[in-house]
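J.: Take a look at start.cif, mmCIF, C-alpha atoms:
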```
data_data
loop_
_atom_site.label_atom_id
_atom_site.label_comp_id
_atom_site.auth_asym_id
_atom_site.auth_seq_id
_atom_site.Cartn_x
_atom_site.Cartn_y
_atom_site.Cartn_z
CA MET A 296 19.32 -10.66 -6.12
CA LEU A 297 21.68 -7.75 -6.69
CA GLN A 298 18.99 -5.89 -8.65
CA ILE A 299 16.51 -6.42 -5.82
CA PHE A 300 19.06 -5.23 -3.27
CA ILE A 301 19.75 -2.10 -5.31
CA ILE A 302 16.03 -1.30 -5.41
CA THR A 303 15.31 -2.09 -1.75
CA PHE A 304 18.40 -0.52 -0.15
CA PRO A 305 17.02 3.06 -0.19
CA PHE A 306 13.85 1.75 1.47
CA PHE A 307 15.78 0.38 4.44
CA ALA A 308 18.13 3.35 4.57
CA LEU A 309 15.30 5.87 4.82
CA VAL A 310 13.41 3.79 7.38
CA LEU A 311 16.61 3.57 9.43
CA CYS A 312 17.09 7.34 9.23
CA GLY A 313 13.59 7.93 10.58
CA TYR A 314 14.11 5.34 13.30
CA LEU A 315 17.36 6.90 14.48
CA ALA A 316 15.95 10.42 14.31
CA ALA A 317 13.10 9.48 16.64
CA ARG A 318 15.21 7.33 18.98
CA ARG A 319 17.79 10.08 19.41
CA ARG A 320 15.08 12.73 19.77
CA MET A 321 16.30 14.64 16.74
CA LEU A 322 12.68 14.27 15.67
CA PRO A 323 10.20 14.90 18.50
CA LEU A 324 7.57 12.19 18.73
CA GLU A 325 4.94 14.91 18.63
CA ALA A 326 6.13 15.83 15.12
CA ILE A 327 5.33 12.43 13.62
CA PRO A 328 1.64 13.22 12.96
CA GLY A 329 2.78 16.38 11.18
CA LEU A 330 5.02 14.40 8.84
CA ASN A 331 2.16 12.00 8.27
CA GLY A 332 -0.19 14.84 7.40
CA PHE A 333 2.28 16.35 4.96
CA VAL A 334 2.63 13.10 3.03
CA LEU A 335 -1.03 12.10 3.14
CA PHE A 336 -2.55 15.44 2.15
CA PHE A 337 0.16 17.09 0.06
CA ALA A 338 2.99 14.89 -1.24
CA LEU A 339 1.19 11.59 -1.86
CA PRO A 340 -1.80 13.12 -3.69
CA CYS A 341 0.63 14.90 -6.01
CA MET A 342 2.52 11.67 -6.66
CA LEU A 343 -0.72 9.84 -7.45
CA TYR A 344 -1.95 12.67 -9.63
CA ARG A 345 1.29 12.42 -11.59
CA PHE A 346 0.86 8.66 -11.96
CA GLY A 347 -2.67 9.11 -13.28
CA ALA A 348 -1.77 11.97 -15.61
CA SER A 349 1.26 10.22 -17.10
CA THR A 350 -0.38 6.83 -17.68
CA PRO A 351 -2.07 6.35 -21.07
CA ILE A 352 -5.76 5.78 -20.44
CA ALA A 353 -5.71 2.57 -22.52
CA GLN A 354 -3.45 0.97 -19.92
CA LEU A 355 -6.06 1.69 -17.26
CA LEU A 356 -8.81 -0.09 -19.20
CA ASP A 357 -7.44 -3.67 -19.28
CA VAL A 358 -10.50 -5.54 -18.04
CA GLY A 359 -8.67 -8.83 -17.51
CA VAL A 360 -6.01 -7.28 -15.28
CA PHE A 361 -8.58 -5.18 -13.46
CA ALA A 362 -10.92 -8.10 -12.74
CA THR A 363 -8.16 -10.47 -11.66
CA TRP A 364 -6.51 -8.02 -9.32
CA LEU A 365 -9.76 -6.76 -7.83
CA LEU A 366 -11.08 -10.26 -7.12
CA CYS A 367 -7.84 -11.29 -5.44
CA ALA A 368 -7.73 -8.09 -3.41
CA LEU A 369 -11.27 -8.64 -2.14
CA VAL A 370 -10.54 -12.24 -1.18
CA THR A 371 -7.30 -11.27 0.57
CA VAL A 372 -8.96 -8.46 2.50
CA GLY A 373 -11.88 -10.64 3.55
CA PHE A 374 -9.67 -13.52 4.64
CA THR A 375 -7.22 -11.33 6.56
CA VAL A 376 -9.97 -9.46 8.39
CA ALA A 377 -11.70 -12.73 9.28
CA VAL A 378 -8.59 -14.30 10.80
CA SER A 379 -7.40 -11.09 12.48
CA LEU A 380 -10.45 -10.02 14.47
CA ASN A 381 -10.06 -10.96 18.13
CA SER A 382 -10.14 -9.45 21.61
CA ARG A 383 -6.99 -7.41 20.86
CA ILE A 384 -7.67 -6.46 17.25
CA GLY A 385 -10.87 -4.66 16.35
CA TRP A 386 -12.21 -3.58 12.99
CA ASN A 387 -9.86 -0.60 12.71
CA ASP A 388 -6.66 -2.59 13.21
CA ALA A 389 -7.95 -5.61 11.28
CA ALA A 390 -8.91 -3.47 8.29
CA PHE A 391 -5.53 -1.80 7.96
CA GLY A 392 -3.81 -5.13 8.53
CA ALA A 393 -5.87 -6.46 5.64
CA LEU A 394 -4.83 -3.50 3.51
CA VAL A 395 -1.12 -4.22 3.98
CA ALA A 396 -1.84 -7.87 3.14
CA ALA A 397 -3.49 -6.94 -0.17
CA PHE A 398 -1.63 -3.79 -1.20
CA PRO A 399 1.95 -4.29 -2.47
CA ASN A 400 4.59 -1.60 -2.68
CA SER A 401 3.97 -1.23 -6.40
CA GLY A 402 4.70 2.48 -6.63
CA PHE A 403 8.05 2.83 -4.89
CA MET A 404 9.48 -0.63 -5.57
CA GLY A 405 7.25 -2.45 -8.02
CA VAL A 406 7.29 -0.36 -11.18
CA PRO A 407 11.07 0.27 -11.32
CA LEU A 408 11.89 -3.30 -10.31
CA LEU A 409 9.49 -4.95 -12.76
CA VAL A 410 10.55 -2.67 -15.60
CA ALA A 411 14.17 -3.63 -14.90
CA LEU A 412 13.25 -7.32 -14.94
CA LEU A 413 10.63 -7.49 -17.71
CA GLY A 414 10.98 -4.32 -19.77
CA THR A 415 8.92 -1.16 -20.11
CA GLN A 416 5.79 -3.10 -21.14
CA ALA A 417 5.50 -4.29 -17.52
CA ALA A 418 4.67 -0.77 -16.34
CA GLY A 419 1.09 -0.81 -17.64
CA PRO A 420 -0.27 -3.82 -15.69
CA ALA A 421 1.71 -2.80 -12.59
CA ILE A 422 0.26 0.71 -12.61
CA LEU A 423 -3.27 -0.64 -13.14
CA THR A 424 -2.92 -2.85 -10.05
CA MET A 425 -1.90 0.23 -8.11
CA VAL A 426 -4.95 2.12 -9.39
CA VAL A 427 -7.22 -0.69 -8.17
CA ASP A 428 -5.55 -0.71 -4.77
CA MET A 429 -5.62 3.06 -4.39
CA ILE A 430 -9.25 3.48 -5.40
CA VAL A 431 -11.07 0.27 -4.47
CA THR A 432 -9.03 -1.73 -1.96
CA THR A 433 -8.02 1.27 0.12
CA SER A 434 -11.55 2.68 0.14
CA LEU A 435 -12.97 -0.69 1.19
CA CYS A 436 -10.51 -1.06 4.06
CA ILE A 437 -11.12 2.49 5.27
CA ALA A 438 -14.84 1.74 5.27
CA LEU A 439 -14.28 -1.47 7.25
CA SER A 440 -12.06 0.38 9.71
CA ARG A 441 -14.98 2.60 10.66
CA LEU A 442 -17.12 -0.35 11.81
CA ASP A 443 -15.75 -0.30 15.36
CA GLY A 444 -18.60 0.62 17.64
CA ALA A 445 -21.31 -0.45 15.21
CA ASP A 446 -22.92 -2.57 17.92
CA THR A 447 -22.94 0.39 20.30
CA HIS A 448 -23.88 3.26 18.01
CA GLY A 449 -25.92 1.37 15.43
CA ALA A 450 -25.42 0.36 11.82
CA ALA A 451 -26.47 3.76 10.46
CA LYS A 452 -23.76 5.54 12.43
CA ALA A 453 -21.18 2.97 11.34
CA LEU A 454 -22.23 3.35 7.70
CA LYS A 455 -21.99 7.13 7.96
CA ASN A 456 -18.49 6.89 9.43
CA ALA A 457 -17.47 4.42 6.72
CA LEU A 458 -18.71 6.70 3.95
CA LYS A 459 -17.03 9.72 5.52
CA GLY A 460 -13.74 7.85 5.78
CA VAL A 461 -13.87 6.87 2.12
CA LEU A 462 -14.82 10.32 0.85
CA THR A 463 -12.14 12.12 2.88
CA ASN A 464 -9.35 9.84 1.65
CA PRO A 465 -7.41 12.01 -0.83
CA MET A 466 -5.67 9.15 -2.64
CA PRO A 467 -8.40 7.90 -5.01
CA TRP A 468 -9.46 11.44 -5.87
CA SER A 469 -5.89 12.35 -6.79
CA ILE A 470 -5.39 9.46 -9.16
CA LEU A 471 -8.84 9.96 -10.71
CA LEU A 472 -8.05 13.62 -11.29
CA GLY A 473 -4.80 12.62 -12.94
CA ALA A 474 -6.61 10.13 -15.17
CA LEU A 475 -9.11 12.83 -16.15
CA VAL A 476 -6.26 15.16 -17.08
CA SER A 477 -4.75 12.34 -19.15
CA VAL A 478 -8.03 11.84 -21.03
CA LEU A 479 -8.50 15.56 -21.68
CA GLY A 480 -4.87 16.04 -22.67
CA TRP A 481 -4.60 19.07 -20.41
CA THR A 482 -1.24 20.25 -19.10
CA PRO A 483 -1.09 22.50 -16.02
CA PRO A 484 0.91 25.73 -16.21
CA LYS A 485 4.63 25.20 -15.74
CA PRO A 486 4.86 26.73 -12.22
CA VAL A 487 1.97 24.53 -11.07
CA ALA A 488 3.48 21.44 -12.68
CA GLN A 489 6.82 22.13 -11.00
CA THR A 490 5.14 22.54 -7.62
CA ILE A 491 3.29 19.26 -8.10
CA GLY A 492 6.54 17.60 -9.11
CA LEU A 493 8.41 18.81 -6.04
CA LEU A 494 5.68 17.58 -3.72
CA ALA A 495 5.40 14.27 -5.58
CA ASP A 496 9.13 13.66 -5.32
CA ALA A 497 8.94 14.17 -1.55
CA ALA A 498 6.26 11.51 -1.02
CA SER A 499 8.33 8.33 -0.93
CA PRO A 500 11.31 9.55 1.13
CA VAL A 501 9.19 11.29 3.75
CA ALA A 502 6.79 8.33 3.96
CA LEU A 503 9.65 5.89 4.52
CA PHE A 504 11.31 8.21 7.03
CA THR A 505 8.00 8.43 8.89
CA ILE A 506 7.67 4.64 9.04
CA GLY A 507 11.04 4.46 10.79
CA ALA A 508 9.94 7.12 13.25
CA VAL A 509 6.69 5.23 13.90
CA LEU A 510 8.62 2.04 14.65
CA ALA A 511 10.84 3.90 17.09
CA ARG A 512 7.86 5.58 18.74
CA SER A 513 6.12 2.23 19.20
CA GLN A 514 9.19 0.77 20.90
CA MET A 515 9.74 3.85 23.07
CA LEU A 516 6.14 4.00 24.25
CA ALA A 517 6.15 0.27 25.00
CA ALA A 518 9.40 0.60 26.97
CA ALA A 519 7.94 3.49 28.96
CA GLY A 520 4.82 1.48 29.76
CA HIS A 521 2.51 3.78 27.80
CA ALA A 522 1.62 1.16 25.20
CA LYS A 523 1.97 -2.55 24.58
CA ALA A 524 4.27 -3.83 21.86
CA PRO A 525 2.35 -5.84 19.24
CA LEU A 526 2.55 -9.60 19.65
CA LEU A 527 4.38 -11.55 16.96
CA ARG A 528 1.25 -13.53 16.17
CA ASP A 529 -0.60 -10.28 15.48
CA TYR A 530 1.66 -9.10 12.68
CA VAL A 531 3.99 -11.82 11.36
CA PRO A 532 1.15 -13.93 9.83
CA VAL A 533 -0.15 -10.88 7.95
CA ALA A 534 3.30 -10.32 6.44
CA LEU A 535 3.31 -13.97 5.36
CA PHE A 536 -0.15 -13.59 3.83
CA LYS A 537 1.25 -10.73 1.76
CA LEU A 538 4.30 -12.60 0.53
CA PHE A 539 2.81 -16.06 -0.06
CA LEU A 540 -0.99 -16.10 -0.04
CA HIS A 541 -1.52 -13.03 -2.21
CA PRO A 542 0.75 -13.99 -5.15
CA LEU A 543 -0.45 -17.61 -5.07
CA LEU A 544 -4.05 -16.42 -5.18
CA VAL A 545 -3.32 -14.10 -8.12
CA LEU A 546 -1.66 -16.95 -9.99
CA LEU A 547 -4.53 -19.39 -9.42
CA VAL A 548 -7.26 -16.87 -10.23
CA GLY A 549 -5.40 -15.64 -13.31
CA VAL A 550 -4.87 -19.14 -14.68
CA GLY A 551 -8.52 -19.91 -14.01
CA LEU A 552 -9.72 -16.79 -15.83
CA ILE A 553 -7.45 -17.48 -18.80
CA SER A 554 -8.84 -21.02 -18.99
CA ALA A 555 -12.35 -19.55 -18.89
CA GLY A 556 -11.57 -17.40 -21.91
CA VAL A 557 -11.07 -14.04 -20.20
CA ALA A 558 -8.84 -11.68 -22.19
CA LEU A 559 -5.76 -11.83 -19.97
CA SER A 560 -2.29 -12.33 -21.40
CA ARG A 561 0.29 -14.61 -19.82
CA PHE A 562 2.69 -11.69 -19.65
CA ALA A 563 0.19 -9.54 -17.75
CA LEU A 564 -0.43 -12.42 -15.36
CA THR A 565 3.30 -12.75 -14.74
CA VAL A 566 3.51 -9.04 -13.97
CA MET A 567 0.58 -9.31 -11.56
CA VAL A 568 1.98 -12.33 -9.74
CA LEU A 569 5.33 -10.61 -9.26
CA THR A 570 3.56 -7.42 -8.18
CA ALA A 571 1.61 -9.41 -5.60
CA ALA A 572 4.88 -10.96 -4.39
CA LEU A 573 6.19 -7.51 -3.46
CA PRO A 574 6.19 -6.43 0.20
CA SER A 575 3.44 -4.30 1.71
CA ALA A 576 2.90 -0.72 0.57
CA SER A 577 4.51 1.87 2.82
CA ASN A 578 1.70 4.39 2.40
CA VAL A 579 -0.68 2.20 4.43
CA SER A 580 1.22 3.29 7.52
CA LEU A 581 0.22 6.87 6.77
CA LEU A 582 -3.46 5.94 6.57
CA ALA A 583 -3.25 3.85 9.73
CA GLU A 584 -1.82 6.86 11.57
CA ARG A 585 -4.51 9.11 10.16
CA PHE A 586 -7.38 6.82 11.16
CA GLY A 587 -6.07 5.91 14.60
CA ALA A 588 -5.10 2.29 14.01
CA ASP A 589 -2.18 0.58 15.77
CA ASN A 590 0.48 1.98 13.49
CA GLY A 591 3.26 0.20 15.34
CA ARG A 592 1.72 -3.08 14.20
CA ILE A 593 1.27 -1.86 10.62
CA ALA A 594 4.84 -0.56 10.44
CA ARG A 595 6.12 -3.93 11.67
CA ILE A 596 4.15 -5.78 8.99
CA ILE A 597 5.65 -3.50 6.34
CA LEU A 598 9.16 -3.96 7.70
CA VAL A 599 8.88 -7.76 8.07
CA SER A 600 7.42 -8.20 4.60
CA THR A 601 10.07 -5.95 3.07
CA SER A 602 12.91 -7.75 4.83
CA ALA A 603 11.64 -11.20 3.87
CA ALA A 604 10.85 -10.13 0.30
CA PHE A 605 14.55 -9.97 -0.48
CA VAL A 606 14.41 -13.78 -0.50
CA THR A 607 10.77 -14.49 -1.33
CA PHE A 608 10.57 -12.10 -4.29
CA SER A 609 13.75 -13.57 -5.74
CA LEU A 610 12.13 -17.00 -5.42
CA ALA A 611 8.98 -15.77 -7.16
CA VAL A 612 11.04 -14.35 -10.02
CA SER A 613 12.91 -17.63 -10.46
CA LEU A 614 9.62 -19.55 -10.57
CA MET A 615 7.78 -17.19 -12.94
CA LEU A 616 10.53 -16.34 -15.43
#
```
Rewrite the coordinates I just gave you, this time as structure tokens.
T.:
Amino acid sequence: MLQIFIITFPFFALVLCGYLAARRRMLPLEAIPGLNGFVLFFALPCMLYRFGASTPIAQLLDVGVFATWLLCALVTVGFTVAVSLNSRIGWNDAAFGALVAAFPNSGFMGVPLLVALLGTQAAGPAILTMVVDMIVTTSLCIALSRLDGADTHGAAKALKNALKGVLTNPMPWSILLGALVSVLGWTPPKPVAQTIGLLADAASPVALFTIGAVLARSQMLAAAGHAKAPLLRDYVPVALFKLFLHPLLVLLVGVGLISAGVALSRFALTVMVLTAALPSASNVSLLAERFGADNGRIARIILVSTSAAFVTFSLAVSLML
């Protein structure tokens, strides 16, 4: 548990800093979208580009890991959307809720934690799961989020909005560009590489700081009567889906595929199960803000899953190792 605490402490500390900054008005609420834009369009794409460029292409071509993770992500997204849609939660909020249920915090927490637990060979499967989530799962959920109003404006308009949302998401393009650079063996000029590195290093801290500010903003607006605080039943179950349903599904699907003769190693399956047992990815909050979803709800799911993961992830490790 000490290792998990060491990894997760900066997460909570940065979220708390953002929360206090917004509550004490050191950070104007009007500045939060600006922070979000910086991370989403500058820092995060550079971080993902660096991931793609530094990952050997062979690690991104493990069909067994890819198929297992993708299938589980699709099932998790479909299930979460189905149980979330109601009079309070439309397609936009349901889609981003599904994304935090299927997308673990593999970049900021997962890779360093799993490498510490399992060794450097755990990095490959963990990074591949992140590639799937960045390119496929995220794009799918953005497309689903654009379906609000389909009954009013027609299916063609909804499809156009879905396609536009997917194409304007910078995350998959960044990681694909990095993978292309890895294949070609090209290295950018040193000043460019240093600029990319500086922006990439800023992604995680600013994203976590922004989540704290979003939580504070949600509470402040609710207290002022300008917005309603999310109900517990609208976000706690999604956090539980992330911590329990997702890793269990990965385990069952992985065991089934291995039994069916799919080329998937037991070690890779262990890495995937533990990756799925991680809390929700913090970058989903940035996308929710960008696409107008209830980011107070998304931030709460991330915070609840991260808080509970201190216990649940330790339990998963004890069961899998």
J.: Identify which of the residues A:Ala438, A:Val501, A:Val358, A:Val395 lies closest to Leu309 (chain A), counting all atoms listed in the file when measuring atom-to-atom distances.
T.: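 So, comparing all the options, the nearest one is A:Val501.
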J.: For CA of Ile384 (chain A) and CA of Thr424 (chain A), determine how far apart the two atoms are, in Å to one decimal place.
T.: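 About the pair CA of Ile384 (chain A) and CA of Thr424 (chain A): they are 27.9 Å apart.
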J.: For the point (0.1, 3.8, 10.4) in the file's frame, write as a PyMOL selection string all residues with an atom no more than 10 Å away, counting all atoms listed in the file.
T.: chain A and resi 328+331+388+391-392+505-506+509-510+577-595
J.: What does the PyMOL selection byres ((chain A and resi 335) around 9) select in this file, as a list in words?
T.: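 Selection result, ordered by chain and number: Leu330, Asn331, Gly332, Phe333, Val334, Phe336, Phe337, Ala338, Leu339, Pro340, Asn464, Pro465, Met466, Ala498, Ala502, Asn578, Leu581, Leu582 and Arg585 of chain A.
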J.: Which residue out of A:Val568, A:Leu435, A:Ala417, A:Val410 has the minimum interatomic distance to Gly549 (chain A) when all atoms listed in the file are used?
T.: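 Of A:Val568, A:Leu435, A:Ala417, A:Val410, the one nearest Gly549 (chain A) is A:Val568, counting all atoms listed in the file.
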J.: Quick one: distance from CA of Ala368 (chain A) to CA of Met567 (chain A) in Å, one decimal?
T.: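 A separation of 11.7 Å between them.
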J.: Could the residues of region 366-435 of chain A that have an atom at most 12 Å from region 471-491 of chain A be listed as JSON lines, each with its closest atom pair and the distance in Å to one decimal, counting all atoms listed in the file and ordered by chain and ascending residue number?
T.:
```
{"residue": "A:Ile422", "atom": "CA", "partner": "A:Ala474", "partner_atom": "CA", "distance": 11.9}
{"residue": "A:Leu423", "atom": "CA", "partner": "A:Ala474", "partner_atom": "CA", "distance": 11.5}
{"residue": "A:Val426", "atom": "CA", "partner": "A:Leu471", "partner_atom": "CA", "distance": 8.9}
{"residue": "A:Val427", "atom": "CA", "partner": "A:Leu471", "partner_atom": "CA", "distance": 11.1}
{"residue": "A:Met429", "atom": "CA", "partner": "A:Leu471", "partner_atom": "CA", "distance": 9.9}
{"residue": "A:Ile430", "atom": "CA", "partner": "A:Leu471", "partner_atom": "CA", "distance": 8.4}
{"residue": "A:Val431", "atom": "CA", "partner": "A:Leu471", "partner_atom": "CA", "distance": 11.7}
```
J.: Suppose we keep C-alpha atoms; can you now write the selection as a PDB file, keeping the file's coordinate frame?
T.:
```
ATOM      1  CA  ILE A 422       0.260   0.710 -12.610  1.00  0.00           C
ATOM      2  CA  LEU A 423      -3.270  -0.640 -13.140  1.00  0.00           C
ATOM      3  CA  VAL A 426      -4.950   2.120  -9.390  1.00  0.00           C
ATOM      4  CA  VAL A 427      -7.220  -0.690  -8.170  1.00  0.00           C
ATOM      5  CA  MET A 429      -5.620   3.060  -4.390  1.00  0.00           C
ATOM      6  CA  ILE A 430      -9.250   3.480  -5.400  1.00  0.00           C
ATOM      7  CA  VAL A 431     -11.070   0.270  -4.470  1.00  0.00           C
TER       8      VAL A 431
END
```
J.: For Gln514 (chain A), which residue among A:Ala348, A:Leu324, A:Cys367, A:Ala571 is the nearest when counting all atoms listed in the file?
T.: A:Leu324
J.: When distances are computed from only C-alpha atoms, which of A:Tyr344, A:Asp443, A:Asp428, A:Cys436 shows the smallest separation from Gly385 (chain A)?
T.: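 Checking each candidate against Gly385 (chain A), we get A:Asp443 as the closest.
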J.: Between A:Ala316, A:Ala308, A:Ala418, A:Leu462, which has the minimum distance to Ala511 (chain A) (counting all atoms listed in the file)?
T.: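 Between A:Ala316, A:Ala308, A:Ala418, A:Leu462, the residue approaching Ala511 (chain A) most closely is A:Ala316.
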J.: Could you tell me which residues the PyMOL selection byres ((chain A and resi 614-616) around 9) returns for this structure, as a list in words?
T.: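 On this input, the PyMOL selection byres ((chain A and resi 614-616) around 9) captures Thr565, Val568, Leu569, Ser609, Leu610, Ala611, Val612 and Ser613 of chain A.
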J.: Anything within 9 Å of (9.4, 8.5, -2.3): list those residues as a list in words, counting only C-alpha atoms and sticking to the file's coordinates.
T.: Phe306, Leu339, Met342, Gly402, Phe403, Ala495, Asp496, Ala497, Ala498, Ser499, Pro500, Val501, Ala502 and Leu503 of chain A
J.: Calculate how many Å separate CA of Ala603 (chain A) from CA of Phe300 (chain A), rounding to one decimal.
T.: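 Atom-to-atom, CA of Ala603 (chain A) and CA of Phe300 (chain A) are spaced 11.9 Å apart.
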J.: Which residue, A:Ile470, A:Val372, A:Ile437, A:Val360, has the smallest gap to His541 (chain A) when you use all atoms listed in the file?
T.: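 Answer, going by the shortest atom-to-atom distance: A:Val372.
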J.: For the provided coordinates, the residues matched by the PyMOL selection byres ((chain A and resi 534-540) around 8) should be stated as a list in words.
T.: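 Going through the file, the PyMOL selection byres ((chain A and resi 534-540) around 8) ends up selecting Thr371, Thr375, Val395, Ala396, Ala397, Pro399, Tyr530, Val531, Pro532, Val533, His541, Pro542, Leu543, Leu544, Ala571, Ala572, Leu573, Pro574, Ser575, Ile596, Ile597, Val599, Ser600, Ala604, Thr607 and Phe608 of chain A.
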